[in-house]
Amino acid sequence: MPAPEPRPYLVSIDHLLEEDERLIWSSAHDFCQTKVLPVIEAHYEAGTFPKQLIGEFAEMGFLGCSLEGYGCAGLGPVAYGAIMLELERVDSGIRSFCSVQTALAMYPIWAYGSEEQKQRWLPKMATAEAIGCFGLTEPNSGSDPGSMRTHAKQQGPGGDFVLNGQKMWITNSPIADLAVVWAKTLEHGSETPVIRGFIVERGMKGFSTPETHGKLSLRASITGELVLDEVVVPKDNMLPGVRGLKGPLSCLTQARYGIGWGGVGAAMDVYERARRYTMERVQFGKPIAGFQLTQQKLVEMHDEIAKGLLLAHHFGRLKQAGKLDPVQVSMLKRENVQLARNCARTARTMLGGNGIMGEFHIMRHLCNLETVYTYEGTHEIHTLAIGRALTGLAAFS
Ligand code: TGC
Ligand code: FAD
C-alpha cells in the first residue's frame, strides 16, 4: 500500500467555526505572516519593538477587538482567541503588546470606567492614538498583589488623589500615554485600605516610566517601570466601577484567556518548523523524520497541540455563553503555556545546532515562553488556584 500523503494535523476545529471567525482568523494569519514575521527576528536581536506596526494593528482591528462600542470591533471570544494565536505564532512579545492594550488597559476602562473616561480614551486606544499599560506588579509584590505598597491619598477641597509608589515589569510603559495603576487608598470612614484603579497620564508631574534593559526573553516587547512620586491625579481619573483585588484580577482573566490561545500559536509554529526541518534533513542516509525517536517527538507535540486547541475552543464557547469562570481560565493559561514551552524545548533539539539560531525562530519562542510561563500569574500560582478549586483548601500561604 502506498504511504498516505503526509499532513501536519489530524485534528481541526475548522468545522466548529462560524464563517466570520474563519475569515478573521485567516486575515490575522496572513497579516502576521506577511507583515510581522519578516521583521521580528531583527527586532528581537536588537531588543526593540516594531513600533511601525502599531498603526497596522489598529487598522486590522486588533486593539480592543474583544470589546463592544467606542470604536472597538466587538468580536466574540473565539475570534479574539484566533487573533491572539496568530500573533503569538509569530512572537509572544507582539501578542503581549496587543493583549495589554486590549485586555489590561482598555478593558478596565470599558468595564469599570465612567462614561466620560470611556469616551475620552477608548476610541483613541482602538486607533492606537493612545497606548496604555497596566501597573500591578511591584518590586516587593508580584504573585501576591494584595501586598502592594503603592498608595493614593485623597486630599484638598477638590478631592484629588496623590499617588506614591513604584510598579515594575510593566509591558509598554515607556511608550504608554496612560497607565492603569492599581493602588491602595483609605476611603472615608474606613481604616482598612482598599485597592482602586487610577488612570495616570503621561506628563503628570512626578510620573516617569524608565525602560528595563537586559531582558534575554521577550526582547521584541518594551518593558519598564512606573515611578509615582507625589503624582496628583484628578479624582475623575479614578475608575468608579470597581473596588478591591477583583478589579485587577478580572482584567487578568481577560488577558490570560488570550494567552491560552496564544500558547497554541507558539506551539504550532515550533512544531511545524521542526516537522519541515526533520523531513528534509538527511542523516544516516535518510530524513531524520524517518527515525522512531524523531517521530515520537513529533507525535507528542502534535497531540499536545490538538488538546490545547480543543480546550481553547471549548472554553471560548463557554465564554461566549457567559459561563467561563476564572479558575477555568487559570487552567487554560497554565496548560497551554506549559505545552508551548515543552514543544519549544523539544523542537529546539530536533534542529540540532541550527535550533539555537535566530533564523530558525525556535530559540526565540523558547526564550519568550519563559516569560509567558511567569507573567499573568506564574505557572505555580495557577496550580494553586486550580488546587484550591479542586479541594476547597487555599495553599497560597
Ligand atoms: P482572592 O481572595 O482569591 O480574591 C480576591 C478577590 O478577587 C476575586 N478574584 C477574581 N476575580 C476575577 N478574576 C480572577 N481571576 C479572580 N481571582 C480572584 C475574588 O473573587 C475576590 O473577590 P471578592 O469580591 O470576594 O473580594 O485573592 P488572593 O489574595 O487569595 O489571591 C489569589 C491569587 C494568588 C490567585 C491572585 O493574587 C493572583 O492571581 N496572583 C497572581 C498575580 C498576577 O497574575 N499578576 C499579573 C500581573 S500583570 C501581568 O503579568 C501582565 S503581563 C502582560 C503582557 O505583557 O502580556
Ligand atoms: P514572585 O512572586 O517573587 O515569585 C517567584 C517564584 O516564587 C515563582 O516561581 C512563583 O511561582 C513562586 N511563588 C510565589 N508565591 C508562591 C506560593 N505561594 N507557592 C509556591 N510558589 C510561589 N506585571 C504587571 O503588573 N504589568 C505588566 O504589564 C507586566 N508585564 C510583564 C512583562 C514581563 C516581561 C515580565 C517578566 C513580567 C511582567 N509583569 C507585569 C510581572 C509578572 O506578572 C510577575 O513577574 C509575576 O506575577 C511574578 O511575580 P514576581 O516576578 O515578583 O515573582
# chains A, B, ... in the order shown; residues from 1 in each chain; ligands from 1
call {"tool": "closest_atom_pairs", "arguments": {"of": "stretch 267-379 of chain A", "to": "stretch 144-158 of chain A", "cutoff": "12 Å", "atoms": "only C-alpha atoms", "output": "Markdown table"}}
result
| residue | atom | partner | partner_atom | distance |
| --- | --- | --- | --- | --- |
| A:Glu376 | CA | A:Pro145 | CA | 11.4 |
| A:Gly377 | CA | A:Asp144 | CA | 9.6 |
| A:Thr378 | CA | A:Asp144 | CA | 10.9 |
call {"tool": "residues_around", "arguments": {"residues": "A:Met301", "least_positions_apart": "6", "cutoff": "12 Å", "atoms": "only C-alpha atoms", "output": "PyMOL selection string"}}
result
chain A and resi 8-9+264+266-275+294-295+307-308+336+338-347+350
call {"tool": "residues_around", "arguments": {"residues": "A:Thr48", "least_positions_apart": "6", "cutoff": "12 Å", "atoms": "only C-alpha atoms", "output": "list in words"}}
result
Val39, Ile40, Glu41, Ala42, Gly93, Ile94, Asn172, Ile175, Glu211, Thr212, His213, Gly214, Lys215, Ser217, Leu218, Arg219, Ala220, Ser221, Ile222 and Thr223 of chain A
call {"tool": "write_last_selection", "arguments": {"atoms": "C-alpha atoms", "output": "PDB file, in the first residue's frame"}}
result
ATOM      1  CA  VAL A  39      10.798  41.893  10.728  1.00  0.00           C
ATOM      2  CA  ILE A  40      10.558  40.063  14.024  1.00  0.00           C
ATOM      3  CA  GLU A  41      13.964  38.415  14.238  1.00  0.00           C
ATOM      4  CA  ALA A  42      15.871  41.641  13.618  1.00  0.00           C
ATOM      5  CA  GLY A  93       6.041  39.937  22.662  1.00  0.00           C
ATOM      6  CA  ILE A  94       3.833  41.053  19.791  1.00  0.00           C
ATOM      7  CA  ASN A 172       4.593  49.030  27.148  1.00  0.00           C
ATOM      8  CA  ILE A 175       5.713  54.197  25.248  1.00  0.00           C
ATOM      9  CA  GLU A 211      12.772  51.337  30.497  1.00  0.00           C
ATOM     10  CA  THR A 212      14.025  47.979  31.780  1.00  0.00           C
ATOM     11  CA  HIS A 213      17.128  46.805  29.901  1.00  0.00           C
ATOM     12  CA  GLY A 214      18.909  43.458  29.778  1.00  0.00           C
ATOM     13  CA  LYS A 215      15.984  41.095  29.138  1.00  0.00           C
ATOM     14  CA  SER A 217      13.380  36.950  26.838  1.00  0.00           C
ATOM     15  CA  LEU A 218      10.522  38.865  25.193  1.00  0.00           C
ATOM     16  CA  ARG A 219      13.128  41.116  23.621  1.00  0.00           C
ATOM     17  CA  ALA A 220      10.755  42.483  20.984  1.00  0.00           C
ATOM     18  CA  SER A 221       8.499  43.867  23.724  1.00  0.00           C
ATOM     19  CA  ILE A 222       9.123  47.067  25.642  1.00  0.00           C
ATOM     20  CA  THR A 223       9.142  46.706  29.428  1.00  0.00           C
TER      21      THR A 223
END
call {"tool": "closest_residue", "arguments": {"among": "A:Asp236, A:Glu335, A:Asp303, A:Glu225", "to": "ligand 2", "atoms": "only C-alpha atoms and all ligand atoms"}}
result
A:Glu225
call {"tool": "select_by_dssp", "arguments": {"residues": "stretch 29-252 of chain A", "states": "alpha helix (DSSP H)", "output": "PyMOL selection string"}}
result
chain A and resi 29-31+37-46+54-59+77-90+92-99+107-112+115-126+246-252
